[in-house]
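Trainee: First, the structure itself, so that you have it in front of you.
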Amino acid sequence: MSKTELRQNIAIFGSAFNPPSLGHLSVVQRLSHFDRVLLVPSYAHAWGKQMADFSKRCEWVSDFIDDSNCENLTLYREEETLCAEESVTTWALLNHIQQQHPNSDLTFVLGPDNLLNFSKFHKSAEILQRWNVLACPESLPVRSTTIRERLLAGESIDDLTTPALANKLRSEDFSQL
């Protein structure tokens with residue numbers, strides 16, 4: 001990115017996206033006032049959560065974006081380039097994105113579960129000093145866990161995720177978790 005790029009308001013929404021759900025969609029739909037919303041699948045979860053293959057989750061996020069009807073969404077998969085055997089901190093991710101977009105204002109978006117644990121984030125006080133933080137709870141309480149449970153039980157997930165993902169996701173995607 002050029003040092004002379006236009007100033008943008010960029011939201012960063014990180015998640016396991018294991019898989020993307022209608023709960024995630026209910027959050028990103030309320031971020032339409034941002035120029036860009038970067039959807040950041042976790043490469044390695046900070047608290048050890050077991051997740052499906054990273055490339056597969058990135059593919060799901062791409063399908064999710066296609067289904068979303070939200071023009072400002074972008075898959076941001078650079079956590080894999082920042083990862084050195086362990087998880088990438090929010091601090092490291094925001095610094096990396098700020099270097100790529102030096103003239104832009106960044107807002108880190110998190111759900112209510114992470115808001116309650118925000119003080120445990122690496123350099124949480126410094127994050128609050130340098131960037132905006134927006135707690136944005138889902139307006140549709142659909143969890144990725146429910147999708148995985150239903151798939152493993154052989155039940156429909158049509159009411160839990162976007163149409164493309166409902167047709168693509170298989171129980172085998174999660175059988176080793």
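Here's how to read the names in the structure tokens: chain A, B, ... by the order shown, residue numbers from 1 in each chain, ligand numbers from 1 in the order shown.
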Need the shell around Thr74 of chain A: protein/DNA/RNA residues with any atom at most 12 Å away, counting only C-alpha atoms. Skip same-chain ones fewer than 3 positions apart. Format as a PyMOL selection string?
Mentor: chain A and resi 10-14+28+34-41+58+61-66+68+70-71+77-78
Trainee: Select from segment 54-85 of chain A every residue with an atom at most 10 Å from any atom of segment 91-110 of chain A, then for each give the shortest pair of atoms and their distance in Å to one decimal, using only C-alpha atoms, rows by chain and rising number, as a tab-separated table.
Mentor:
```
residue	atom	partner	partner_atom	distance
A:Tyr76	CA	A:Ile97	CA	9.7
A:Glu78	CA	A:Leu93	CA	8.6
A:Glu79	CA	A:Leu93	CA	7.2
A:Leu82	CA	A:Leu93	CA	7.9
A:Cys83	CA	A:Ala92	CA	9.9
```
Trainee: Keeping only all heavy atoms, take the residues you just selected and write them out as an mmCIF file, in the first residue's frame.
Mentor:
```cif
data_model
loop_
_atom_site.group_PDB
_atom_site.id
_atom_site.type_symbol
_atom_site.label_atom_id
_atom_site.label_comp_id
_atom_site.auth_asym_id
_atom_site.auth_seq_id
_atom_site.Cartn_x
_atom_site.Cartn_y
_atom_site.Cartn_z
ATOM 1 N N TYR A 76 -8.954 -11.181 5.016
ATOM 2 C CA TYR A 76 -7.584 -10.774 5.339
ATOM 3 C C TYR A 76 -6.916 -11.978 5.994
ATOM 4 O O TYR A 76 -7.186 -12.282 7.157
ATOM 5 C CB TYR A 76 -7.612 -9.565 6.276
ATOM 6 C CG TYR A 76 -6.251 -8.966 6.532
ATOM 7 C CD1 TYR A 76 -5.720 -8.022 5.649
ATOM 8 C CD2 TYR A 76 -5.505 -9.332 7.639
ATOM 9 C CE1 TYR A 76 -4.473 -7.466 5.880
ATOM 10 C CE2 TYR A 76 -4.253 -8.770 7.868
ATOM 11 C CZ TYR A 76 -3.757 -7.840 6.990
ATOM 12 O OH TYR A 76 -2.511 -7.285 7.206
ATOM 13 N N GLU A 78 -3.544 -12.623 6.375
ATOM 14 C CA GLU A 78 -2.115 -12.439 6.615
ATOM 15 C C GLU A 78 -1.636 -12.906 7.978
ATOM 16 O O GLU A 78 -0.440 -12.870 8.247
ATOM 17 C CB GLU A 78 -1.717 -10.984 6.370
ATOM 18 C CG GLU A 78 -1.783 -10.648 4.913
ATOM 19 C CD GLU A 78 -1.090 -9.359 4.569
ATOM 20 O OE1 GLU A 78 -0.088 -9.004 5.221
ATOM 21 O OE2 GLU A 78 -1.549 -8.705 3.633
ATOM 22 N N GLU A 79 -2.551 -13.362 8.837
ATOM 23 C CA GLU A 79 -2.078 -13.908 10.117
ATOM 24 C C GLU A 79 -1.109 -15.056 9.887
ATOM 25 O O GLU A 79 -0.187 -15.253 10.658
ATOM 26 C CB GLU A 79 -3.252 -14.379 10.990
ATOM 27 C CG GLU A 79 -3.709 -13.333 11.935
ATOM 28 C CD GLU A 79 -4.459 -13.882 13.136
ATOM 29 O OE1 GLU A 79 -4.325 -15.067 13.500
ATOM 30 O OE2 GLU A 79 -5.198 -13.085 13.731
ATOM 31 N N LEU A 82 2.338 -13.843 9.768
ATOM 32 C CA LEU A 82 2.829 -13.295 11.037
ATOM 33 C C LEU A 82 3.085 -14.369 12.078
ATOM 34 O O LEU A 82 3.697 -14.110 13.104
ATOM 35 C CB LEU A 82 1.803 -12.312 11.609
ATOM 36 C CG LEU A 82 1.483 -11.086 10.783
ATOM 37 C CD1 LEU A 82 0.337 -10.307 11.420
ATOM 38 C CD2 LEU A 82 2.705 -10.211 10.634
ATOM 39 N N CYS A 83 2.587 -15.552 11.816
ATOM 40 C CA CYS A 83 2.604 -16.619 12.808
ATOM 41 C C CYS A 83 3.933 -17.372 12.784
ATOM 42 O O CYS A 83 4.372 -17.832 11.743
ATOM 43 C CB CYS A 83 1.453 -17.584 12.546
ATOM 44 S SG CYS A 83 1.200 -18.714 13.903
#
```
Trainee: Which is closer to Phe118 of chain A than all the others in A:Ser175, A:Thr90, A:Thr81, A:Ser15, using only C-alpha atoms?
Mentor: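 Distance minimum relative to Phe118 of chain A lands on A:Thr90.
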Trainee: Counting only C-alpha atoms, give me one row per residue of segment 44-98 of chain A with an atom at most 12 Å from an atom of segment 135-148 of chain A, showing the shortest contact pair and its distance in Å to one decimal, sorted by chain then residue number, as a Markdown table.
Mentor:
```
| residue | atom | partner | partner_atom | distance |
| --- | --- | --- | --- | --- |
| A:Lys49 | CA | A:Thr145 | CA | 11.6 |
| A:Gln50 | CA | A:Thr145 | CA | 11.5 |
| A:Met51 | CA | A:Ser144 | CA | 10.7 |
| A:Ala52 | CA | A:Arg148 | CA | 10.6 |
| A:Arg57 | CA | A:Ser144 | CA | 11.9 |
```
Trainee: Rounded to one decimal place, report the atom CA of Gln176 of chain A-atom CA of Leu151 of chain A distance in Å.
Mentor: 13.1 Å
Trainee: Check the smallest atom-to-atom distance from each of A:Asn167, A:Gly111, A:Glu172, A:Glu149 to Val133 of chain A using only C-alpha atoms, then report the winner.
Mentor: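 Residue with the minimum atom-to-atom distance to Val133 of chain A: A:Gly111.
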Trainee: Using DSSP on the backbone, list every residue of chain A that comes out as strand (DSSP E), and give them as a ChimeraX atom specification.
Mentor: /A:9-15,36-41,73-75,105-110,132-135
Trainee: Got time to write the residues from that selection, C-alpha atoms, as an mmCIF file, in the first residue's frame?
Mentor:
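Heads up, here's the output in result_20.cif:
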```cif
data_model
loop_
_atom_site.group_PDB
_atom_site.id
_atom_site.type_symbol
_atom_site.label_atom_id
_atom_site.label_comp_id
_atom_site.auth_asym_id
_atom_site.auth_seq_id
_atom_site.Cartn_x
_atom_site.Cartn_y
_atom_site.Cartn_z
ATOM 1 C CA ASN A 9 -11.997 3.894 8.315
ATOM 2 C CA ILE A 10 -11.133 0.218 8.527
ATOM 3 C CA ALA A 11 -12.749 -2.272 10.886
ATOM 4 C CA ILE A 12 -10.881 -5.441 11.805
ATOM 5 C CA PHE A 13 -13.097 -8.354 12.799
ATOM 6 C CA GLY A 14 -11.122 -11.393 13.839
ATOM 7 C CA SER A 15 -12.670 -14.730 14.635
ATOM 8 C CA ARG A 36 -13.570 -1.576 4.669
ATOM 9 C CA VAL A 37 -14.125 -4.460 7.041
ATOM 10 C CA LEU A 38 -11.293 -6.967 7.189
ATOM 11 C CA LEU A 39 -12.448 -10.441 8.202
ATOM 12 C CA VAL A 40 -9.449 -12.094 9.841
ATOM 13 C CA PRO A 41 -9.583 -15.845 10.443
ATOM 14 C CA LEU A 73 -15.982 -6.990 3.386
ATOM 15 C CA THR A 74 -12.524 -8.351 2.572
ATOM 16 C CA LEU A 75 -10.858 -11.608 3.590
ATOM 17 C CA ASP A 105 -8.117 4.811 11.214
ATOM 18 C CA LEU A 106 -8.414 1.278 12.556
ATOM 19 C CA THR A 107 -11.182 -0.087 14.728
ATOM 20 C CA PHE A 108 -10.865 -3.506 16.317
ATOM 21 C CA VAL A 109 -14.290 -5.162 16.489
ATOM 22 C CA LEU A 110 -14.974 -7.821 19.066
ATOM 23 C CA ASN A 132 -10.588 2.263 18.494
ATOM 24 C CA VAL A 133 -12.213 -0.810 19.997
ATOM 25 C CA LEU A 134 -15.859 -1.557 19.212
ATOM 26 C CA ALA A 135 -17.865 -4.185 21.064
#
```
Trainee: Using Å and a single decimal, report how far atom CA of Phe54 of chain A sits from atom CA of Leu25 of chain A.
Mentor: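 Distance reported for this atom pair: 19.6 Å.
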Trainee: State, in Å with one decimal place, the distance from atom CA of Gly154 of chain A to atom CA of Ser26 of chain A.
Mentor: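 Atom CA of Ser26 of chain A lies at a distance of 25.2 Å from atom CA of Gly154 of chain A.
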Trainee: Give the answer as one residue: which of A:Glu80, A:Ala166, A:Ser156, A:Val88 has the shortest atom-to-atom distance to His122 of chain A, using only C-alpha atoms?
Mentor: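 Result for the nearest residue to His122 of chain A: A:Val88.
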Trainee: Where in segment 49-173 of chain A does DSSP assign helix (DSSP H, G or I), given as number ranges by chain?
Mentor: A: 54-68, 79-82, 90-100, 112-116, 118-120, 124-130, 144-152, 163-168, 171-173
Trainee: Write out, as a PDB file, in the first residue's frame, the residues just selected, with C-alpha atoms.
Mentor:
```
ATOM      1  CA  PHE A  54      -6.816 -22.498   8.065  1.00  0.00           C
ATOM      2  CA  SER A  55      -7.058 -22.597   4.256  1.00  0.00           C
ATOM      3  CA  LYS A  56     -10.454 -24.247   4.479  1.00  0.00           C
ATOM      4  CA  ARG A  57     -11.701 -21.571   6.914  1.00  0.00           C
ATOM      5  CA  CYS A  58     -10.407 -18.858   4.559  1.00  0.00           C
ATOM      6  CA  GLU A  59     -12.355 -20.480   1.728  1.00  0.00           C
ATOM      7  CA  TRP A  60     -15.458 -20.485   3.935  1.00  0.00           C
ATOM      8  CA  VAL A  61     -14.962 -16.794   4.728  1.00  0.00           C
ATOM      9  CA  SER A  62     -14.734 -16.046   0.985  1.00  0.00           C
ATOM     10  CA  ASP A  63     -18.017 -17.880   0.383  1.00  0.00           C
ATOM     11  CA  PHE A  64     -19.521 -16.091   3.386  1.00  0.00           C
ATOM     12  CA  ILE A  65     -18.481 -12.720   1.922  1.00  0.00           C
ATOM     13  CA  ASP A  66     -20.025 -13.646  -1.439  1.00  0.00           C
ATOM     14  CA  ASP A  67     -23.310 -14.514   0.301  1.00  0.00           C
ATOM     15  CA  SER A  68     -23.300 -11.501   2.633  1.00  0.00           C
ATOM     16  CA  GLU A  79      -2.078 -13.908  10.117  1.00  0.00           C
ATOM     17  CA  GLU A  80      -0.408 -16.932   8.545  1.00  0.00           C
ATOM     18  CA  THR A  81       2.548 -14.738   7.517  1.00  0.00           C
ATOM     19  CA  LEU A  82       2.829 -13.295  11.037  1.00  0.00           C
ATOM     20  CA  THR A  90      -4.221  -8.596  18.372  1.00  0.00           C
ATOM     21  CA  TRP A  91      -1.440  -6.101  19.112  1.00  0.00           C
ATOM     22  CA  ALA A  92       0.808  -7.620  16.418  1.00  0.00           C
ATOM     23  CA  LEU A  93      -2.057  -7.851  13.922  1.00  0.00           C
ATOM     24  CA  LEU A  94      -3.151  -4.227  14.401  1.00  0.00           C
ATOM     25  CA  ASN A  95       0.438  -2.998  14.114  1.00  0.00           C
ATOM     26  CA  HIS A  96       0.850  -4.970  10.876  1.00  0.00           C
ATOM     27  CA  ILE A  97      -2.367  -3.602   9.383  1.00  0.00           C
ATOM     28  CA  GLN A  98      -1.525  -0.044  10.493  1.00  0.00           C
ATOM     29  CA  GLN A  99       1.841  -0.318   8.700  1.00  0.00           C
ATOM     30  CA  GLN A 100       0.000  -1.376   5.532  1.00  0.00           C
ATOM     31  CA  PRO A 112     -19.217  -9.527  24.008  1.00  0.00           C
ATOM     32  CA  ASP A 113     -17.416 -12.733  24.999  1.00  0.00           C
ATOM     33  CA  ASN A 114     -14.062 -11.198  24.071  1.00  0.00           C
ATOM     34  CA  LEU A 115     -14.979  -7.825  25.563  1.00  0.00           C
ATOM     35  CA  LEU A 116     -15.285  -9.484  28.971  1.00  0.00           C
ATOM     36  CA  PHE A 118     -10.220  -7.959  26.806  1.00  0.00           C
ATOM     37  CA  SER A 119      -7.978  -7.184  29.775  1.00  0.00           C
ATOM     38  CA  LYS A 120      -6.316 -10.585  29.138  1.00  0.00           C
ATOM     39  CA  SER A 124      -4.741  -4.423  25.941  1.00  0.00           C
ATOM     40  CA  ALA A 125      -4.104  -0.988  27.480  1.00  0.00           C
ATOM     41  CA  GLU A 126      -1.821  -0.014  24.593  1.00  0.00           C
ATOM     42  CA  ILE A 127      -4.423  -1.199  22.082  1.00  0.00           C
ATOM     43  CA  LEU A 128      -7.010   1.067  23.724  1.00  0.00           C
ATOM     44  CA  GLN A 129      -4.612   4.020  23.579  1.00  0.00           C
ATOM     45  CA  ARG A 130      -3.698   3.589  19.929  1.00  0.00           C
ATOM     46  CA  SER A 144     -20.239 -21.862  15.219  1.00  0.00           C
ATOM     47  CA  THR A 145     -20.341 -24.584  17.877  1.00  0.00           C
ATOM     48  CA  THR A 146     -24.020 -25.195  17.092  1.00  0.00           C
ATOM     49  CA  ILE A 147     -23.219 -25.579  13.392  1.00  0.00           C
ATOM     50  CA  ARG A 148     -20.524 -28.153  14.164  1.00  0.00           C
ATOM     51  CA  GLU A 149     -22.787 -30.033  16.580  1.00  0.00           C
ATOM     52  CA  ARG A 150     -25.635 -30.198  14.069  1.00  0.00           C
ATOM     53  CA  LEU A 151     -23.359 -31.328  11.260  1.00  0.00           C
ATOM     54  CA  LEU A 152     -21.923 -34.103  13.432  1.00  0.00           C
ATOM     55  CA  PRO A 163     -26.667 -20.653   1.748  1.00  0.00           C
ATOM     56  CA  ALA A 164     -23.296 -21.360   0.113  1.00  0.00           C
ATOM     57  CA  LEU A 165     -21.838 -22.582   3.395  1.00  0.00           C
ATOM     58  CA  ALA A 166     -24.912 -24.597   4.302  1.00  0.00           C
ATOM     59  CA  ASN A 167     -24.377 -26.485   1.027  1.00  0.00           C
ATOM     60  CA  LYS A 168     -20.596 -26.804   1.410  1.00  0.00           C
ATOM     61  CA  SER A 171     -19.267 -33.114   9.278  1.00  0.00           C
ATOM     62  CA  GLU A 172     -15.870 -34.386   8.095  1.00  0.00           C
ATOM     63  CA  ASP A 173     -14.616 -30.789   8.227  1.00  0.00           C
TER      64      ASP A 173
END
```
